[in-house]
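Beneath this line is the structure, given in structure tokens, with notes to follow.
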Amino acid sequence: MHITVVTLFPELVAAVGESGMPRVAIGTGALTVDTVSPRDFAVNRHRTVDDRPFGGGPGMLMIPETLAAAITEARRRAPGARVVLMSPQGRRLDRAAVQAFSETAGLILVCGRYEGIDQRVIDAMVDEQVSIGDYVLSGGELGAMVVIDAVARRLPGVLGDAASVEQDSFEEALLDHPHYTRPDNWRGQGVPPVLTSGDHRAIDDWRERQRLRATADARPDLFYQRGLDDRARALLTA
Ligand code: SAM
């Protein structure tokens, strides 16, 4: 899969490939990431990429022509890629959206700066808008990096143990269960005995029960969306 990030701060985005699953995905060739800067298409000697908003008001906007030229270059590099604008006005990013992105051939992630971008570029060139939460960031780069990291985890062959992704939070609308590693006694706190019992069926049941309880406590919305099947009911009443 190929992702091009349209950004005025390519050096920020480059950091996403330094660690974790994006690094693995890039290393194995499952993912390629590059950047295009609107500033490279600026025509005046100050390399201007912003201007004041019509109608007045605070702040500046990214001007349409340099941004459109950068998106056009990104499309040239990745024909057919979806153009996704990082935006607080967008649909909230969730597991399903990440999965859908990971099944595409490519993405162009457009990062706004200043007060945002000219609406005509959105109308003419953007396929969808994505928000990473109900708060406002200085620019779209951190959001684009969130998308890249989450997508990289889901690309085939990237996670060493395919089961890890299935146990992640939000799979099957459940949060993850607690995890423990050595030592088996840390500052007077032990480990749930079932985890050292060697009984794999009992361990699976314990983990599933913890996932159900954690979800019911922290995310009742997910819990009710999921509903209770016979196994879940049996685990919770055991
Ligand atoms: N005036 C805009 C508003 O109130 O919605 C905020 C613009 S923000 C300072 C600059 C850019 O950061 C946006 O164009 C967008 O690309 C990005 N951004 C800010 N918050 C975001 C969020 N929650 N999710 C995704 N991108 C965000």
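We label chains A, B, ... in the order they appear in the structure tokens, count residues from 1 in each chain, and number ligands from 1 in the order shown.
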Write down as a VMD selection string the residues belonging to range 21-168 of chain A that are assigned strand (DSSP E or B) by DSSP computed on the backbone. chain A and resid 32 to 36 50 to 51 61 to 62 82 to 92 106 to 111 117 128 to 131
Residues within 9 Å of ligand 1 (only C-alpha atoms and all ligand atoms), as number ranges by chain? A: 59, 61-62, 85-90, 92-93, 110-117, 129-144
Which residue, A:His179, A:Gln189, A:Asp51, A:Val158, has the smallest gap to Trp206 in chain A when you use only C-alpha atoms?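 Of A:His179, A:Gln189, A:Asp51, A:Val158, the one nearest Trp206 in chain A, counting only C-alpha atoms, is A:His179.
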Set the distance at 12 Å and use only C-alpha atoms: which residues neighbour Thr72 in chain A once local chain neighbours fewer than 6 positions away are removed? I'd like the list as a list of chain:residue names.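 In the requested form, the answer reads A:Thr4, A:Val6, A:Val36, A:Ser37, A:Pro38, A:Phe41, A:Pro64, A:Glu65, A:Thr66, A:Ala78, A:Pro79, A:Gly80, A:Ala81, A:Val83, A:Ile108, A:Val110, A:Val121, A:Ala124, A:Met125, A:Val126.
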Output the selection as an mmCIF file, in the first residue's frame - N, CA and C atoms for each residue.
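Full text of selection-v5.cif as output:
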data_model
loop_
_atom_site.group_PDB
_atom_site.id
_atom_site.type_symbol
_atom_site.label_atom_id
_atom_site.label_comp_id
_atom_site.auth_asym_id
_atom_site.auth_seq_id
_atom_site.Cartn_x
_atom_site.Cartn_y
_atom_site.Cartn_z
ATOM 1 N N THR A 4 0.612 8.865 0.412
ATOM 2 C CA THR A 4 1.288 10.149 0.224
ATOM 3 C C THR A 4 0.631 11.161 1.150
ATOM 4 N N VAL A 6 0.178 15.050 2.032
ATOM 5 C CA VAL A 6 0.330 16.422 1.532
ATOM 6 C C VAL A 6 0.458 17.320 2.761
ATOM 7 N N VAL A 36 4.366 15.328 -0.122
ATOM 8 C CA VAL A 36 4.419 16.404 -1.115
ATOM 9 C C VAL A 36 4.088 17.684 -0.364
ATOM 10 N N SER A 37 4.887 18.735 -0.581
ATOM 11 C CA SER A 37 4.615 19.995 0.103
ATOM 12 C C SER A 37 4.015 21.024 -0.861
ATOM 13 N N PRO A 38 2.912 21.651 -0.468
ATOM 14 C CA PRO A 38 2.356 22.731 -1.297
ATOM 15 C C PRO A 38 3.376 23.844 -1.538
ATOM 16 N N PHE A 41 5.147 24.247 -4.782
ATOM 17 C CA PHE A 41 4.407 24.733 -5.950
ATOM 18 C C PHE A 41 4.095 26.224 -5.848
ATOM 19 N N PRO A 64 -5.802 27.967 -2.476
ATOM 20 C CA PRO A 64 -6.201 26.783 -3.241
ATOM 21 C C PRO A 64 -5.155 26.299 -4.244
ATOM 22 N N GLU A 65 -4.469 27.214 -4.952
ATOM 23 C CA GLU A 65 -3.683 26.770 -6.103
ATOM 24 C C GLU A 65 -2.496 25.890 -5.704
ATOM 25 N N THR A 66 -1.749 26.308 -4.662
ATOM 26 C CA THR A 66 -0.575 25.507 -4.278
ATOM 27 C C THR A 66 -1.004 24.165 -3.671
ATOM 28 N N ALA A 78 0.214 8.237 -7.095
ATOM 29 C CA ALA A 78 -0.627 7.113 -6.657
ATOM 30 C C ALA A 78 -1.989 7.209 -7.326
ATOM 31 N N PRO A 79 -2.065 6.846 -8.605
ATOM 32 C CA PRO A 79 -3.347 6.953 -9.316
ATOM 33 C C PRO A 79 -4.406 6.085 -8.617
ATOM 34 N N GLY A 80 -5.595 6.662 -8.465
ATOM 35 C CA GLY A 80 -6.687 5.893 -7.853
ATOM 36 C C GLY A 80 -6.726 5.947 -6.336
ATOM 37 N N ALA A 81 -5.717 6.578 -5.717
ATOM 38 C CA ALA A 81 -5.718 6.643 -4.250
ATOM 39 C C ALA A 81 -6.851 7.555 -3.765
ATOM 40 N N VAL A 83 -8.487 10.464 -1.686
ATOM 41 C CA VAL A 83 -7.978 11.719 -1.129
ATOM 42 C C VAL A 83 -8.743 12.002 0.167
ATOM 43 N N ILE A 108 -4.178 9.370 -0.046
ATOM 44 C CA ILE A 108 -3.516 10.679 -0.032
ATOM 45 C C ILE A 108 -4.091 11.416 1.171
ATOM 46 N N VAL A 110 -4.350 14.632 3.307
ATOM 47 C CA VAL A 110 -4.115 16.068 3.151
ATOM 48 C C VAL A 110 -4.170 16.724 4.529
ATOM 49 N N VAL A 121 -11.314 23.636 -2.757
ATOM 50 C CA VAL A 121 -10.421 22.481 -2.926
ATOM 51 C C VAL A 121 -11.103 21.231 -2.367
ATOM 52 N N ALA A 124 -13.719 20.117 -4.863
ATOM 53 C CA ALA A 124 -13.229 19.635 -6.152
ATOM 54 C C ALA A 124 -12.347 18.389 -6.041
ATOM 55 N N MET A 125 -11.645 18.225 -4.893
ATOM 56 C CA MET A 125 -10.581 17.218 -4.904
ATOM 57 C C MET A 125 -10.610 16.207 -3.761
ATOM 58 N N VAL A 126 -11.428 16.452 -2.735
ATOM 59 C CA VAL A 126 -11.372 15.584 -1.542
ATOM 60 C C VAL A 126 -12.480 14.534 -1.600
#
Using only C-alpha atoms, which residue out of A:Leu174, A:Leu222, A:Ala152, A:Met145 lies closest to Gln210 in chain A? A:Leu174
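With only C-alpha atoms as the atoms that count, the residue of A:Thr104, A:Val13, A:Ile71, A:Asn44 with the shortest distance to Ile122 in chain A is A:Ile71.
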What's the 12 Å shell around Val24 in chain A, counting only C-alpha atoms, without same-chain residues fewer than 6 positions away, as a ChimeraX atom specification? /A:16-18,30-32,149,152-160
Would you please work out which residue, of A:Arg209, A:Arg45, A:Arg201, A:Arg219, is nearest to Leu236 in chain A when using only C-alpha atoms?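 So, comparing all the options, the nearest one is A:Arg209.
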Within 8 Å of Val151 in chain A, counting only C-alpha atoms, which residues qualify if same-chain residues fewer than 6 places away don't, as a PyMOL selection string? chain A and resi 98-99+101-102
If you run DSSP over the backbone, which residues in range 28-230 of chain A end up helix (DSSP H, G or I)? Put them as a VMD selection string. chain A and resid 28 38 to 41 64 to 77 95 to 102 119 to 125 141 to 154 162 to 167 171 to 173 193 to 196 200 to 218 220 to 226 230
With only C-alpha atoms as the counted atoms, please give the residues lying no more than 9 Å from Glu172 in chain A, apart from itself and same-chain residues fewer than 4 positions off, as a PyMOL selection string. chain A and resi 166-167+226
When you look at Arg213 in chain A with a cut-off of 12 Å (counting only C-alpha atoms), what residues show up, excluding the ones that are within fewer than 4 positions of it in the same chain? I need them as number ranges by chain. A: 174-178, 206-209, 217-220, 222-223, 228, 232-233, 235-237
Nearest to His2 in chain A by atom-to-atom distance, counting only C-alpha atoms, from A:Leu212, A:Ala97, A:Val49, A:Ala25: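 Ranked by minimum distance to His2 in chain A, first place goes to A:Ala25.
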Atomic separation - CA of Asp40 in chain A relative to CA of Leu8 in chain A, Å: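 If I compute the distance from CA of Leu8 in chain A to CA of Asp40 in chain A, I get 9.2 Å.
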Atomic distance CA of Asp94 in chain A - CA of Val147 in chain A, expressed in Å with one decimal: 9.8 Å
From CA of Val5 in chain A to CA of Asp50 in chain A the spacing works out at 18.4 Å
